[in-house]
Every structure is written in structure tokens, then in C-alpha cells.
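Colleague: my_file26.txt is the file, holding compact mmCIF, C-alpha atoms:
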```
# COMPACT_ATOMS: atom_id res chain seq x y z
CA MET B 1 22.63 12.95 32.79
CA LYS B 2 22.96 9.84 30.69
CA LYS B 3 23.02 9.85 26.91
CA GLN B 4 19.55 8.33 26.55
CA GLU B 5 18.07 10.79 29.02
CA PHE B 6 19.57 13.69 27.15
CA LEU B 7 18.29 12.46 23.80
CA GLU B 8 14.81 11.70 25.17
CA GLU B 9 14.55 15.14 26.71
CA LEU B 10 15.75 16.84 23.56
CA LYS B 11 13.24 14.88 21.52
CA GLN B 12 10.43 16.12 23.70
CA TYR B 13 11.40 19.72 23.12
CA LEU B 14 11.46 19.10 19.39
CA TYR B 15 7.93 17.70 19.21
CA VAL B 16 6.82 20.32 16.68
CA LEU B 17 9.22 19.04 14.07
CA GLU B 18 8.53 16.25 11.62
CA ASP B 19 9.62 12.78 12.74
CA GLU B 20 12.29 12.63 10.06
CA GLU B 21 13.80 15.91 11.16
CA GLN B 22 13.73 14.87 14.80
CA ASP B 23 15.52 11.63 14.00
CA ASP B 24 18.07 13.44 11.88
CA ILE B 25 18.94 15.89 14.62
CA LEU B 26 19.05 13.30 17.38
CA GLN B 27 21.22 10.99 15.32
CA GLU B 28 23.82 13.70 14.91
CA TYR B 29 23.94 14.45 18.59
CA GLU B 30 24.16 10.78 19.40
CA GLN B 31 27.09 10.37 17.03
CA HIS B 32 28.83 13.35 18.54
CA ILE B 33 28.46 11.97 22.04
CA GLU B 34 29.67 8.54 20.85
CA ILE B 35 32.82 10.03 19.37
CA LYS B 36 33.52 11.92 22.59
CA ILE B 37 33.06 8.73 24.59
CA GLU B 38 35.51 6.97 22.30
CA LYS B 39 38.01 9.73 22.92
CA GLY B 40 37.83 8.88 26.57
CA LEU B 41 35.18 11.06 28.11
CA ASP B 42 32.30 9.56 30.02
CA GLU B 43 28.66 10.24 29.22
CA GLU B 44 28.14 12.89 31.86
CA GLU B 45 31.08 14.97 30.72
CA ALA B 46 30.19 14.60 27.06
CA ILE B 47 26.71 15.95 27.67
CA ARG B 48 27.74 18.72 30.01
CA ASP B 49 29.35 20.65 27.17
CA PHE B 50 26.00 20.96 25.47
CA GLY B 51 24.65 23.10 28.23
CA SER B 52 20.99 23.37 28.98
CA VAL B 53 18.81 21.09 26.88
CA ARG B 54 16.06 23.67 26.80
CA GLU B 55 18.31 26.37 25.44
CA LEU B 56 19.73 23.97 22.92
CA ALA B 57 16.27 23.07 21.68
CA LYS B 58 15.40 26.75 21.40
CA GLU B 59 18.38 27.39 19.19
CA ILE B 60 17.65 24.37 17.04
CA LEU B 61 14.10 25.51 16.48
CA GLU B 62 15.30 28.94 15.44
CA ALA B 63 16.61 27.29 12.29
CA TYR B 64 13.05 26.36 11.34
CA HIS B 65 11.54 29.83 11.84
CA VAL B 66 9.03 28.53 14.35
CA LYS B 67 6.18 30.96 15.03
CA PRO B 68 6.92 32.95 18.15
CA ASN B 69 4.60 32.61 21.15
CA THR B 70 3.67 29.03 20.33
CA GLY B 71 5.51 27.79 23.36
CA ALA B 72 7.82 25.70 21.24
CA ASP B 73 9.99 28.71 20.54
CA ALA B 74 10.33 29.35 24.28
CA GLY B 75 11.55 25.81 24.73
CA GLU B 76 8.54 24.01 26.08
CA LYS B 77 8.30 20.28 26.20
CA ILE B 78 5.45 18.49 24.45
CA PRO B 79 2.34 19.77 26.22
CA LYS B 80 0.33 17.16 28.07
CA ASP B 81 -2.92 17.66 26.20
CA VAL B 82 -1.18 17.25 22.83
CA SER B 83 0.47 14.02 23.91
CA LYS B 84 -2.80 12.74 25.37
CA LYS B 85 -4.78 13.75 22.28
CA ARG B 86 -2.33 11.87 20.10
CA LEU B 87 -2.85 8.69 22.13
CA ILE B 88 -6.62 9.06 22.26
CA LYS B 89 -6.80 9.77 18.56
CA SER B 90 -4.61 6.86 17.68
CA LEU B 91 -6.51 4.22 19.71
CA PRO B 92 -9.89 4.27 17.95
CA LEU B 93 -8.05 4.76 14.70
CA ALA B 94 -6.09 1.59 15.37
CA VAL B 95 -9.25 -0.31 16.24
CA HIS B 96 -10.98 1.10 13.19
CA THR B 97 -8.15 0.12 10.88
CA VAL B 98 -8.06 -3.36 12.36
CA LYS B 99 -11.78 -3.71 11.72
CA ILE B 100 -11.46 -2.48 8.18
CA GLN B 101 -8.50 -4.75 7.54
CA GLY B 102 -10.44 -7.67 8.92
CA LYS B 103 -13.41 -6.90 6.73
CA LYS B 104 -11.20 -6.43 3.72
CA ALA B 105 -9.47 -9.72 4.38
CA GLY B 106 -12.79 -11.51 4.73
CA LYS B 107 -14.10 -9.95 1.57
CA LYS B 108 -10.92 -10.86 -0.24
CA VAL B 109 -11.18 -14.49 0.83
CA PHE B 110 -14.78 -14.65 -0.26
CA LYS B 111 -13.98 -12.97 -3.55
CA GLY B 112 -11.11 -15.37 -3.97
CA PHE B 113 -13.43 -18.36 -3.70
CA VAL B 114 -15.96 -16.83 -6.07
CA ASN B 115 -13.25 -15.94 -8.55
CA LEU B 116 -11.78 -19.42 -8.36
CA TRP B 117 -15.15 -20.94 -9.13
CA ILE B 118 -15.68 -18.55 -12.01
CA PHE B 119 -12.17 -19.24 -13.28
CA ILE B 120 -12.81 -22.98 -13.33
CA ARG B 121 -16.02 -22.51 -15.27
CA LYS B 122 -14.35 -20.09 -17.62
CA SER B 123 -11.34 -22.23 -18.30
CA ILE B 124 -13.65 -25.00 -19.39
CA LYS B 125 -15.62 -22.73 -21.69
CA LYS B 126 -12.79 -20.46 -22.86
CA PRO B 127 -11.44 -22.59 -25.72
CA PHE B 128 -14.90 -22.79 -27.20
CA ARG B 129 -15.42 -19.07 -26.86
CA ILE B 130 -12.11 -18.29 -28.49
CA LEU B 131 -13.00 -20.46 -31.43
CA GLY B 132 -16.35 -18.82 -31.79
CA LYS B 133 -15.09 -15.23 -31.55
CA ALA B 134 -12.15 -15.96 -33.79
CA PHE B 135 -14.35 -16.75 -36.72
CA ASP B 136 -17.07 -14.31 -35.88
CA SER B 137 -15.17 -11.10 -36.57
CA GLY B 138 -11.77 -12.69 -36.79
CA LYS B 139 -10.71 -12.00 -40.34
CA GLU B 140 -11.47 -8.28 -40.08
CA LYS B 141 -9.75 -7.89 -36.74
CA ILE B 142 -6.61 -9.64 -37.89
CA GLN B 143 -6.30 -7.29 -40.82
CA ASN B 144 -6.99 -4.13 -38.84
CA HIS B 145 -5.29 -4.74 -35.55
CA GLN B 146 -2.31 -6.87 -36.53
CA GLY B 147 -2.35 -9.83 -34.24
CA ASN B 148 -4.03 -11.60 -31.42
CA GLY B 149 -3.22 -9.09 -28.74
CA LYS B 150 -6.30 -6.95 -29.26
CA ARG B 151 -8.61 -9.95 -29.50
CA ILE B 152 -7.43 -11.34 -26.25
CA GLY B 153 -7.70 -7.87 -24.82
CA ILE B 154 -11.34 -7.75 -25.82
CA LEU B 155 -11.85 -11.15 -24.27
CA CYS B 156 -10.28 -10.03 -21.04
CA ARG B 157 -12.45 -6.95 -20.88
CA SER B 158 -15.56 -8.96 -21.50
CA ASP B 159 -14.55 -11.39 -18.76
CA LYS B 160 -14.20 -8.50 -16.36
CA GLU B 161 -17.66 -7.23 -17.19
CA VAL B 162 -19.03 -10.69 -16.44
CA LEU B 163 -17.23 -10.75 -13.12
CA LYS B 164 -18.78 -7.41 -12.20
CA GLU B 165 -22.25 -8.84 -12.69
CA GLY B 166 -21.74 -11.12 -9.73
CA GLY B 167 -20.06 -13.94 -11.53
CA ARG B 168 -23.07 -15.09 -13.44
CA VAL B 169 -22.06 -16.27 -16.84
CA CYS B 170 -24.70 -14.67 -18.96
CA GLU B 171 -24.76 -16.22 -22.36
CA GLY B 172 -27.26 -13.62 -23.41
CA ASN B 173 -24.75 -10.81 -22.90
CA LYS B 174 -22.11 -12.61 -24.91
CA GLU B 175 -24.45 -12.74 -27.84
CA SER B 176 -25.25 -9.02 -27.65
CA ARG B 177 -21.53 -8.21 -27.51
CA THR B 178 -20.75 -10.31 -30.54
CA GLU B 179 -23.56 -8.45 -32.28
CA LYS B 180 -21.87 -5.14 -31.45
CA ILE B 181 -18.61 -6.32 -32.91
CA LYS B 182 -20.48 -7.35 -36.00
CA LYS B 183 -21.99 -3.88 -36.33
CA GLU B 184 -18.54 -2.36 -36.92
CA PRO B 185 -18.17 -1.22 -40.49
CA THR B 186 -17.43 -4.29 -42.54
CA GLU B 187 -17.07 -3.22 -46.12
CA LYS B 188 -15.34 -6.38 -47.23
CA ARG B 189 -18.05 -9.03 -47.28
CA THR B 190 -16.04 -11.51 -49.27
CA GLY B 191 -16.58 -15.18 -49.84
CA VAL B 192 -13.88 -15.88 -47.32
CA PHE B 193 -16.04 -14.27 -44.67
CA MET B 194 -18.97 -16.50 -45.57
CA ILE B 195 -16.80 -19.59 -45.41
CA ALA B 196 -15.60 -18.45 -42.02
CA LYS B 197 -19.19 -18.11 -40.92
CA GLY B 198 -19.89 -21.62 -42.12
CA ILE B 199 -16.92 -22.97 -40.25
CA ARG B 200 -18.11 -21.13 -37.19
CA SER B 201 -21.51 -22.73 -37.29
CA ILE B 202 -19.87 -26.12 -37.66
CA CYS B 203 -17.80 -25.37 -34.59
CA ASP B 204 -20.96 -24.38 -32.76
CA GLY B 205 -22.49 -27.68 -33.74
CA ILE B 206 -19.48 -29.59 -32.49
CA ILE B 207 -19.62 -27.74 -29.19
CA HIS B 208 -23.31 -28.57 -28.91
CA MET B 209 -22.60 -32.24 -29.51
CA ILE B 210 -19.88 -32.34 -26.89
CA CYS B 211 -22.16 -30.64 -24.34
CA TRP B 212 -24.95 -33.06 -25.14
CA ALA B 213 -22.66 -36.05 -24.85
CA GLY B 214 -21.33 -34.84 -21.55
CA ARG B 215 -24.80 -34.31 -20.23
CA LEU B 216 -25.79 -37.79 -21.38
CA VAL B 217 -22.92 -39.43 -19.55
CA TRP B 218 -23.66 -37.45 -16.42
CA ASN B 219 -27.33 -38.35 -16.50
CA CYS B 220 -26.53 -42.01 -17.00
CA GLY B 221 -24.31 -42.01 -13.99
CA VAL B 222 -26.92 -40.29 -11.86
CA VAL B 223 -29.64 -42.67 -12.96
CA CYS B 224 -27.50 -45.72 -12.28
CA ALA B 225 -26.61 -44.58 -8.79
CA ALA B 226 -30.19 -43.71 -7.98
CA ALA B 227 -31.45 -47.01 -9.36
CA PHE B 228 -28.95 -48.95 -7.36
CA SER B 229 -29.95 -47.19 -4.15
CA ALA B 230 -33.60 -47.77 -4.88
CA PHE B 231 -32.98 -51.45 -5.56
CA MET B 232 -31.12 -51.88 -2.30
CA GLY B 233 -33.90 -50.04 -0.54
CA LEU B 234 -36.45 -52.46 -1.93
CA VAL B 235 -34.34 -55.45 -0.96
CA PHE B 236 -34.20 -54.24 2.59
CA LEU B 237 -37.89 -53.53 2.56
CA TYR B 238 -38.53 -57.17 1.63
CA LEU B 239 -36.20 -58.33 4.41
CA PHE B 240 -37.87 -55.98 6.82
CA GLY B 241 -41.26 -57.40 6.05
CA MET B 242 -40.13 -61.03 6.47
CA LEU B 243 -38.28 -60.42 9.70
CA PHE B 244 -41.18 -58.43 11.12
CA VAL B 245 -43.52 -61.37 10.62
CA LEU B 246 -41.02 -63.78 12.19
CA TRP B 247 -40.50 -61.40 15.06
CA LYS B 248 -44.18 -61.29 15.74
CA GLN B 249 -44.13 -65.07 15.77
CA GLY B 250 -41.76 -65.00 18.71
CA TYR B 251 -38.24 -65.15 17.33
CA PRO B 252 -35.84 -62.75 19.00
CA LEU B 253 -35.32 -60.50 15.99
CA GLY B 254 -36.14 -57.08 17.39
CA GLY B 255 -32.78 -55.44 16.69
CA ILE B 256 -32.43 -56.78 13.20
CA VAL B 257 -35.90 -55.55 12.33
CA LEU B 258 -35.05 -52.05 13.40
CA GLY B 259 -31.78 -52.19 11.45
CA CYS B 260 -33.63 -53.19 8.36
CA MET B 261 -36.07 -50.35 8.73
CA GLY B 262 -33.17 -47.90 9.01
CA ALA B 263 -31.49 -49.33 5.95
CA VAL B 264 -34.68 -49.04 3.95
CA LEU B 265 -35.07 -45.38 4.82
CA CYS B 266 -31.42 -44.66 4.06
CA PHE B 267 -31.39 -46.18 0.62
CA LEU B 268 -34.66 -44.73 -0.46
CA SER B 269 -33.72 -41.21 0.57
CA LEU B 270 -30.36 -41.62 -1.15
CA ALA B 271 -32.15 -42.59 -4.33
CA VAL B 272 -34.37 -39.52 -4.17
CA PHE B 273 -31.43 -37.24 -3.46
CA GLY B 274 -29.36 -38.70 -6.26
CA SER B 275 -32.17 -38.26 -8.75
CA THR B 276 -32.13 -34.47 -8.18
CA PHE B 277 -28.72 -34.32 -9.87
CA TYR B 278 -30.29 -35.23 -13.16
CA ARG B 279 -29.59 -32.34 -15.57
CA ASN B 280 -32.43 -31.53 -17.90
CA LYS B 281 -31.87 -29.41 -20.98
CA LYS B 282 -35.06 -27.52 -20.26
CA GLN B 283 -33.80 -26.66 -16.77
CA ILE B 284 -30.58 -25.09 -18.09
CA LEU B 285 -32.29 -23.07 -20.79
CA LEU B 286 -34.85 -21.88 -18.31
CA HIS B 287 -32.05 -20.70 -16.04
CA LYS B 288 -30.34 -18.84 -18.91
CA THR B 289 -33.42 -17.04 -20.13
CA GLU B 290 -34.33 -16.19 -16.58
CA THR B 291 -31.03 -14.49 -16.01
CA VAL B 292 -31.23 -12.52 -19.23
CA GLU B 293 -34.70 -11.39 -18.36
CA GLU B 294 -33.60 -10.51 -14.84
CA ILE B 295 -30.89 -8.26 -16.24
CA LYS B 296 -33.30 -6.58 -18.58
CA ASP B 297 -35.68 -5.99 -15.70
CA LYS B 298 -32.91 -4.54 -13.60
CA LYS B 299 -31.86 -2.19 -16.36
CA SER B 300 -35.37 -0.95 -16.92
CA ILE B 301 -35.82 -0.37 -13.21
CA LYS B 302 -32.56 1.56 -13.07
CA ALA B 303 -33.53 3.64 -16.06
CA ALA B 304 -36.86 4.42 -14.45
CA GLN B 305 -35.11 5.45 -11.26
CA ASN B 306 -32.75 7.72 -13.16
CA MET B 307 -35.65 9.36 -14.87
CA GLU B 308 -37.27 9.97 -11.53
CA ILE B 309 -34.11 11.51 -10.13
CA LYS B 310 -33.71 13.76 -13.14
CA ALA B 311 -37.33 14.83 -12.87
CA GLU B 312 -36.70 15.79 -9.24
CA MET M 1 35.50 35.86 25.57
CA ASN M 2 32.31 37.82 25.20
CA ALA M 3 29.49 35.59 23.97
CA GLN M 4 28.10 38.18 21.60
CA LEU M 5 31.42 38.69 19.88
CA LYS M 6 31.85 34.95 19.49
CA LYS M 7 28.41 34.57 18.09
CA GLY M 8 29.09 37.24 15.52
CA VAL M 9 32.11 35.58 13.98
CA LEU M 10 31.05 31.97 14.48
CA GLU M 11 29.19 31.76 11.20
CA LEU M 12 32.16 33.07 9.26
CA ILE M 13 34.54 30.61 10.88
CA VAL M 14 32.23 27.66 10.25
CA LEU M 15 31.70 28.60 6.61
CA GLU M 16 35.40 29.06 6.03
CA SER M 17 36.25 25.72 7.65
CA VAL M 18 33.84 23.82 5.46
CA ARG M 19 34.99 25.68 2.39
CA LYS M 20 38.47 24.29 2.90
CA ARG M 21 37.15 20.72 3.05
CA ASP M 22 33.92 18.81 3.73
CA MET M 23 33.55 17.93 7.38
CA TYR M 24 31.23 16.16 9.76
CA GLY M 25 29.90 17.63 12.99
CA TYR M 26 32.54 16.58 15.45
CA GLU M 27 35.39 17.46 13.10
CA LEU M 28 33.95 20.91 12.59
CA VAL M 29 33.64 21.51 16.31
CA GLU M 30 37.32 20.68 16.67
CA GLU M 31 38.31 23.06 13.86
CA VAL M 32 36.29 25.92 15.25
CA SER M 33 37.62 25.28 18.74
CA LYS M 34 41.10 26.04 17.42
CA VAL M 35 40.00 29.61 16.67
CA ILE M 36 37.52 30.36 19.41
CA ASP M 37 36.24 28.47 22.40
CA VAL M 38 32.70 27.48 21.56
CA ASN M 39 29.82 25.61 23.13
CA GLU M 40 29.39 22.44 21.17
CA GLY M 41 25.68 22.62 21.49
CA THR M 42 25.50 25.82 19.49
CA ILE M 43 27.39 24.41 16.50
CA TYR M 44 24.69 21.91 15.53
CA PRO M 45 21.79 24.34 15.54
CA LEU M 46 23.89 26.68 13.45
CA LEU M 47 24.67 23.91 10.97
CA LYS M 48 20.97 23.05 10.83
CA ARG M 49 20.05 26.65 10.14
CA LEU M 50 22.66 27.09 7.43
CA THR M 51 21.54 23.80 5.84
CA ASN M 52 17.90 24.85 5.86
CA GLU M 53 18.91 28.07 4.14
CA HIS M 54 20.73 26.03 1.51
CA TYR M 55 24.21 27.26 2.23
CA PHE M 56 25.19 23.70 3.09
CA GLU M 57 24.53 20.37 1.46
CA THR M 58 24.73 17.19 3.50
CA TYR M 59 25.57 13.66 2.53
CA LEU M 60 26.36 10.45 4.34
CA ARG M 61 29.73 8.83 4.05
CA GLU M 62 30.62 5.42 5.43
CA SER M 63 33.12 5.47 8.26
CA SER M 64 35.31 2.74 9.62
CA GLU M 65 34.56 3.67 13.20
CA GLY M 66 30.83 3.17 13.32
CA PRO M 67 27.66 4.31 11.57
CA PRO M 68 27.82 6.49 8.47
CA ARG M 69 28.54 10.13 9.22
CA LYS M 70 26.76 13.17 7.90
CA TYR M 71 29.19 15.42 6.03
CA TYR M 72 28.59 19.10 5.29
CA HIS M 73 29.51 20.65 1.97
CA LEU M 74 29.44 24.32 1.03
CA THR M 75 27.09 25.16 -1.85
CA ALA M 76 27.62 27.90 -4.40
CA ALA M 77 25.20 30.08 -2.47
CA GLY M 78 27.19 29.26 0.63
CA VAL M 79 30.41 30.43 -1.01
CA LEU M 80 28.82 33.74 -1.97
CA TYR M 81 27.41 34.17 1.52
CA ARG M 82 30.78 33.44 3.08
CA ASP M 83 32.44 36.01 0.83
CA SER M 84 29.88 38.63 1.76
CA LEU M 85 30.41 37.85 5.45
CA GLU M 86 34.16 38.22 5.05
CA LYS M 87 33.70 41.57 3.39
CA GLU M 88 31.44 42.73 6.19
CA TRP M 89 33.94 41.47 8.75
CA ASP M 90 36.77 43.39 7.06
CA GLU M 91 34.64 46.49 6.92
CA LEU M 92 33.70 46.15 10.56
CA GLN M 93 37.26 45.48 11.60
CA LYS M 94 38.55 48.56 9.81
CA ARG M 95 35.93 50.81 11.25
CA VAL M 96 36.33 49.53 14.78
CA CYS M 97 40.11 49.72 14.57
CA LYS M 98 39.93 53.21 13.18
CA PHE M 99 37.46 54.20 15.86
CA LEU M 100 39.66 52.76 18.58
CA GLU M 101 42.79 54.42 17.13
CA ILE M 102 41.13 57.75 17.00
CA ALA M 103 39.71 57.14 20.43
CA SER M 104 43.11 56.18 21.81
CA GLN M 105 44.76 59.14 20.04
CA GLU M 106 42.16 61.43 21.43
CA GLY M 107 42.48 59.77 24.73
CA SER M 108 46.20 60.23 24.83
CA LEU M 109 45.85 63.81 23.88
```
Here is a file; write its structure as C-alpha cells.
Modeller:
Amino acid sequence: MKKQEFLEELKQYLYVLEDEEQDDILQEYEQHIEIKIEKGLDEEEAIRDFGSVRELAKEILEAYHVKPNTGADAGEKIPKDVSKKRLIKSLPLAVHTVKIQGKKAGKKVFKGFVNLWIFIRKSIKKPFRILGKAFDSGKEKIQNHQGNGKRIGILCRSDKEVLKEGGRVCEGNKESRTEKIKKEPTEKRTGVFMIAKGIRSICDGIIHMICWAGRLVWNCGVVCAAAFSAFMGLVFLYLFGMLFVLWKQGYPLGGIVLGCMGAVLCFLSLAVFGSTFYRNKKQILLHKTETVEEIKDKKSIKAAQNMEIKAE
Amino acid sequence: MNAQLKKGVLELIVLESVRKRDMYGYELVEEVSKVIDVNEGTIYPLLKRLTNEHYFETYLRESSEGPPRKYYHLTAAGVLYRDSLEKEWDELQKRVCKFLEIASQEGSL
């Protein structure tokens, strides 16, 4: 018997043991055989001294107080149904895990994109938020909590809550949260606090101005592009008309006429499309209030459902 | 030699060998073989059993001739167990000797 054969057979007899134990035992035997081979014996001789593999396995298992009459104690190899069951069990499990991993990966990628988008939006708005919150309850917090750590911690938590709500930045929620912070016992309503409040409103104003300016620039750009496309469209319409008349009079201008028609359609549709990018203040506000209302609706529905469940 | 007799004293010999110095499997087989002729296969199961019962501790030590080897070390419990085995062996030896003496005396009578 060769060394590998011996070890494989022994492993089969030891199927009841944990994998670690099996490896431990087999390693020792392998080492022993190796040393004997180094001393000059060949594999067959080295293994012969071990005697019957079955008996050997029996003695090994005695050390683990295996339950008698389980077959393993009598030195049985791994029964066929157990080995088959293991394979059958493992196959669908493998497929299942692959599916789950695939789904997880897909979800992760999607989440990654969403989070990236949210991060970009946040990073633009974060400095403004920090300013606002700093002066809102800032003075109190600094005195009580000794440093910026807690403030940033609160910010992080609030960001997470926003993420949970599907990544919609709900300005409405931010306001309610700042209200909560305000409700904390503030016994020291000093003049400093009022000045801070004033500064805060100034900051708000500045932020407003910047947003308005940005929107103005954006709208200008959109209008210019749309106007240009419309102008070009009209130019081509004029050309189209002229060439059509000439064509009807006999000149060979069929292709050019069709080209003009295509150009007209292109430019006009481009103008229409471009004009949809125009950002109206009313549109944005409408969106905000809608979302706040949506959340309120959701909450009321949930509350109603909970009541129903409790009643049941 | 009778297998049952060998089996009886094997534990004591193994424990005593390791008490003298820590050994790995092959070394131990050689030591024991000096005292009694033993099947190598039975040494390892015995070592496993004694380790599971916490009479031995094992550790790996690097060796120059290949992979790290597992060394056996006698624990405090192992020392006590070995002492109790030696006492039992002495007791047994005395009784059997006495029995055989008497038997041979009686026999010669």
C-alpha cells in the first residue's frame, strides 16, 4: 500500500471526527512515515508496521469515546448514504449561496451609485448645514459637550437617517430636528445667543443669495442654448421653404430639401428639450413640500395600520 | 510477548519516557521499542487518548529536517497519573511475584 492510499483509507474511517482532528491525526502519521522513509525504508514497509488500517482507526476512535454501535466504533468506512447526502446537500447550498452573493453584489453596486449621488449632493450642501447648525444650538453644545466631536456625531446620525429614507434630502425633516435640539433645556438665554441667532439668519440669507445666483446663471445658460437652437431651426425652415419652391420649379434640389427638413426638426426639438432644464423656484418648493407631505401621509398610514394590528 | 501484558505496561512506559524529556511521535516509538516491542500504530492512538484526557500537552517545534513536529509534554495531571500507575505496577509486581513464589514453593513441595 502506498502512503497516500493508507492516509486516504484512514481518513475514511475517521469520518465522524471534526475536520481539524482528522487533519491533525493524518499529519502525524504522514510525518512518521516520512521519517521512516528517510531512514531508508520504502513506503510499503513503513506502512506495514501499522497493521490493519481498520483496527488502527478503531483504536484511534476509542480516544474520543465514540458511542458504541454507531458503526464508527466497529471501524466502518464513511457510509455511502452519508457521503451522498453531503454532496446532495452541498450542491443546492452552493447554488443558493452563489445566488445570494450575486444579489448582494448587485444590491451593493446599486447602493453604491445611490450613495455616491447622495454624497455629492451632501458635500455641496454640508458646509452650509454646518454653519447653520453651529449657530443654532452651537453655543450651548460647546459648553456642555466640550468640542466638535458630538456635533459632528449628531450630523452623521442625521445623515444616516436621511439615507434610510431612500436618499431623499428632506429639508422638512432637518427643520424638525433642529427644533428638537432647540427644545433641550436652555436656561441661559443670553444676549450672546441672540447675536448668534442674528448671525445665523444672515448666513441663511447669504446661502439664499448664492442659491438664487446659481439658479440664475443656470437658467441663463439654458435659455441661451434653447434660443440658439430655435434660431437655427427657423433659419433652416426659411431655407427649406425657398428650396422647396425652387425644387417645384424644376431644379434638382430634392436631396437638399429633405436635408433641410431634417435639420429643422432637429433644431426645434432640441430647443424644446433644452427648455425643460429651466429651473423654476416654484417647481423646487413644490417638490419639497410634496415630499414632506408624503412622509406625513406615510406616517399616518403606518400609525393607522399599527392601531389595526393592536386592535386585532 | 503476550499482547495483553504489553498493553498493560505500555501506558506507564510512554508516560515515563515523556516525563524524562518532551518527545515527538517517532522519537517516542523508538524509546518505547527499547523496552518492549510495540506496534507503531498503537502508539499514536494512545498518545491521542492521553492528550484528550489532558495528561499530555502538545506543541509544534520547528525542525531542520522538514515540517514542524508535534511534541508531547507531560502535564501536572499526567505526572500524578504516571505516579499512580507506577504504584499500581509495583503493587501488582509484588503480588504476582509473591504468588508465583508461593506457587513455586508449593509446587516444589
Colleague: Name the residues in contact with M:Glu11 at a cut-off of 10 Å, using all atoms listed in the file, excluding same-chain residues fewer than 5 positions from it; report them as a PyMOL selection string.
Modeller: chain M and resi 6+16-17+43+46-47+50+82+85
Colleague: May I ask you to extract the residues of chain B within 10 Å of chain M, using only C-alpha atoms, and to give them as a PDB file with C-alpha atoms, keeping the file's coordinate frame?
Modeller:
```pdb
ATOM      1  CA  ASP B  24      18.070  13.440  11.880  1.00  0.00           C
ATOM      2  CA  ILE B  25      18.940  15.890  14.620  1.00  0.00           C
ATOM      3  CA  GLN B  27      21.220  10.990  15.320  1.00  0.00           C
ATOM      4  CA  GLU B  28      23.820  13.700  14.910  1.00  0.00           C
ATOM      5  CA  TYR B  29      23.940  14.450  18.590  1.00  0.00           C
ATOM      6  CA  GLN B  31      27.090  10.370  17.030  1.00  0.00           C
ATOM      7  CA  HIS B  32      28.830  13.350  18.540  1.00  0.00           C
ATOM      8  CA  ILE B  33      28.460  11.970  22.040  1.00  0.00           C
ATOM      9  CA  GLU B  34      29.670   8.540  20.850  1.00  0.00           C
ATOM     10  CA  ILE B  35      32.820  10.030  19.370  1.00  0.00           C
ATOM     11  CA  LYS B  36      33.520  11.920  22.590  1.00  0.00           C
ATOM     12  CA  GLU B  38      35.510   6.970  22.300  1.00  0.00           C
ATOM     13  CA  ALA B  46      30.190  14.600  27.060  1.00  0.00           C
ATOM     14  CA  ILE B  47      26.710  15.950  27.670  1.00  0.00           C
ATOM     15  CA  ARG B  48      27.740  18.720  30.010  1.00  0.00           C
ATOM     16  CA  ASP B  49      29.350  20.650  27.170  1.00  0.00           C
ATOM     17  CA  PHE B  50      26.000  20.960  25.470  1.00  0.00           C
ATOM     18  CA  GLY B  51      24.650  23.100  28.230  1.00  0.00           C
ATOM     19  CA  SER B  52      20.990  23.370  28.980  1.00  0.00           C
ATOM     20  CA  VAL B  53      18.810  21.090  26.880  1.00  0.00           C
ATOM     21  CA  GLU B  55      18.310  26.370  25.440  1.00  0.00           C
ATOM     22  CA  LEU B  56      19.730  23.970  22.920  1.00  0.00           C
ATOM     23  CA  ALA B  57      16.270  23.070  21.680  1.00  0.00           C
ATOM     24  CA  LYS B  58      15.400  26.750  21.400  1.00  0.00           C
ATOM     25  CA  GLU B  59      18.380  27.390  19.190  1.00  0.00           C
ATOM     26  CA  ILE B  60      17.650  24.370  17.040  1.00  0.00           C
ATOM     27  CA  LEU B  61      14.100  25.510  16.480  1.00  0.00           C
ATOM     28  CA  GLU B  62      15.300  28.940  15.440  1.00  0.00           C
ATOM     29  CA  ALA B  63      16.610  27.290  12.290  1.00  0.00           C
ATOM     30  CA  TYR B  64      13.050  26.360  11.340  1.00  0.00           C
ATOM     31  CA  HIS B  65      11.540  29.830  11.840  1.00  0.00           C
TER      32      HIS B  65
END
```
Colleague: Could you check the closest approach to M:Glu86 for each of M:Asp37, M:Ile13, M:Lys98, M:Tyr72 and tell me which residue wins, using all atoms listed in the file?
Modeller: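 Nearest candidate to M:Glu86 out of M:Asp37, M:Ile13, M:Lys98, M:Tyr72: M:Ile13.
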Colleague: So, counting only C-alpha atoms, which residue among M:Glu31, M:Leu15, M:Val96, M:Arg21 is closest to M:Phe56?
Modeller: M:Leu15
Colleague: Given only C-alpha atoms as the basis, pick out the residue of M:Asp22, M:Glu57, M:Glu101, M:Glu106 nearest to M:Thr75.
Modeller: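 Nearest to M:Thr75: M:Glu57.
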Colleague: If we count only C-alpha atoms and set the cut-off at 12 Å, which residues sit around B:Val235, ignoring sequence neighbours fewer than 2 positions away in its own chain? Please answer as a JSON list (two decimals) with C-alpha atoms, in the coordinates of the input.
Modeller:
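File written: result_25.json
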```json
[["chain", "number", "residue", "atom", "x", "y", "z"],
["B", 228, "PHE", "CA", -28.95, -48.95, -7.36],
["B", 229, "SER", "CA", -29.95, -47.19, -4.15],
["B", 230, "ALA", "CA", -33.60, -47.77, -4.88],
["B", 231, "PHE", "CA", -32.98, -51.45, -5.56],
["B", 232, "MET", "CA", -31.12, -51.88, -2.30],
["B", 233, "GLY", "CA", -33.90, -50.04, -0.54],
["B", 237, "LEU", "CA", -37.89, -53.53, 2.56],
["B", 238, "TYR", "CA", -38.53, -57.17, 1.63],
["B", 239, "LEU", "CA", -36.20, -58.33, 4.41],
["B", 240, "PHE", "CA", -37.87, -55.98, 6.82],
["B", 241, "GLY", "CA", -41.26, -57.40, 6.05],
["B", 242, "MET", "CA", -40.13, -61.03, 6.47],
["B", 260, "CYS", "CA", -33.63, -53.19, 8.36],
["B", 261, "MET", "CA", -36.07, -50.35, 8.73],
["B", 263, "ALA", "CA", -31.49, -49.33, 5.95],
["B", 264, "VAL", "CA", -34.68, -49.04, 3.95],
["B", 265, "LEU", "CA", -35.07, -45.38, 4.82],
["B", 267, "PHE", "CA", -31.39, -46.18, 0.62],
["B", 268, "LEU", "CA", -34.66, -44.73, -0.46]]
```
Colleague: Could you write out as JSON the box around stretch 50-64 of chain M (axis-aligned, all atoms listed in the file, 3 Å on each side), with centre and edge lengths in Å to one decimal?
Modeller:
```
{"center_x": 26.6, "center_y": 15.4, "center_z": 5.5, "size_x": 23.4, "size_y": 31.3, "size_z": 14.2}
```
Colleague: Provide the atom CA of B:Lys111 to atom CA of B:Lys99 distance in Å, to one decimal place.
Modeller: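 These two atoms are separated by 18.0 Å.
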Colleague: Please indicate the distance in Å from atom CA of M:Tyr55 to atom CA of M:Leu74, rounded to one decimal place.
Modeller: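 About the pair atom CA of M:Tyr55 and atom CA of M:Leu74: they are 6.1 Å apart.
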Colleague: Could you tell me how far atom CA of B:Arg279 sits from atom CA of B:Ile210, in Å to one decimal place?
Modeller: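 Pair atom CA of B:Ile210 / atom CA of B:Arg279 returns 14.9 Å.
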Colleague: In terms of the shortest atom-to-atom distance over all atoms listed in the file, which of B:Gly112, B:Leu216, B:Met1, B:Phe273 is closest to B:Glu45?
Modeller: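 Once distances to B:Glu45 are computed over all atoms listed in the file, the minimum belongs to B:Met1.
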Colleague: Which one is closest to B:Ile202: B:Leu131, B:Ile120, B:Ala271, B:Ile37? Count all atoms listed in the file.
Modeller: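 Distance minimum relative to B:Ile202 lands on B:Leu131.
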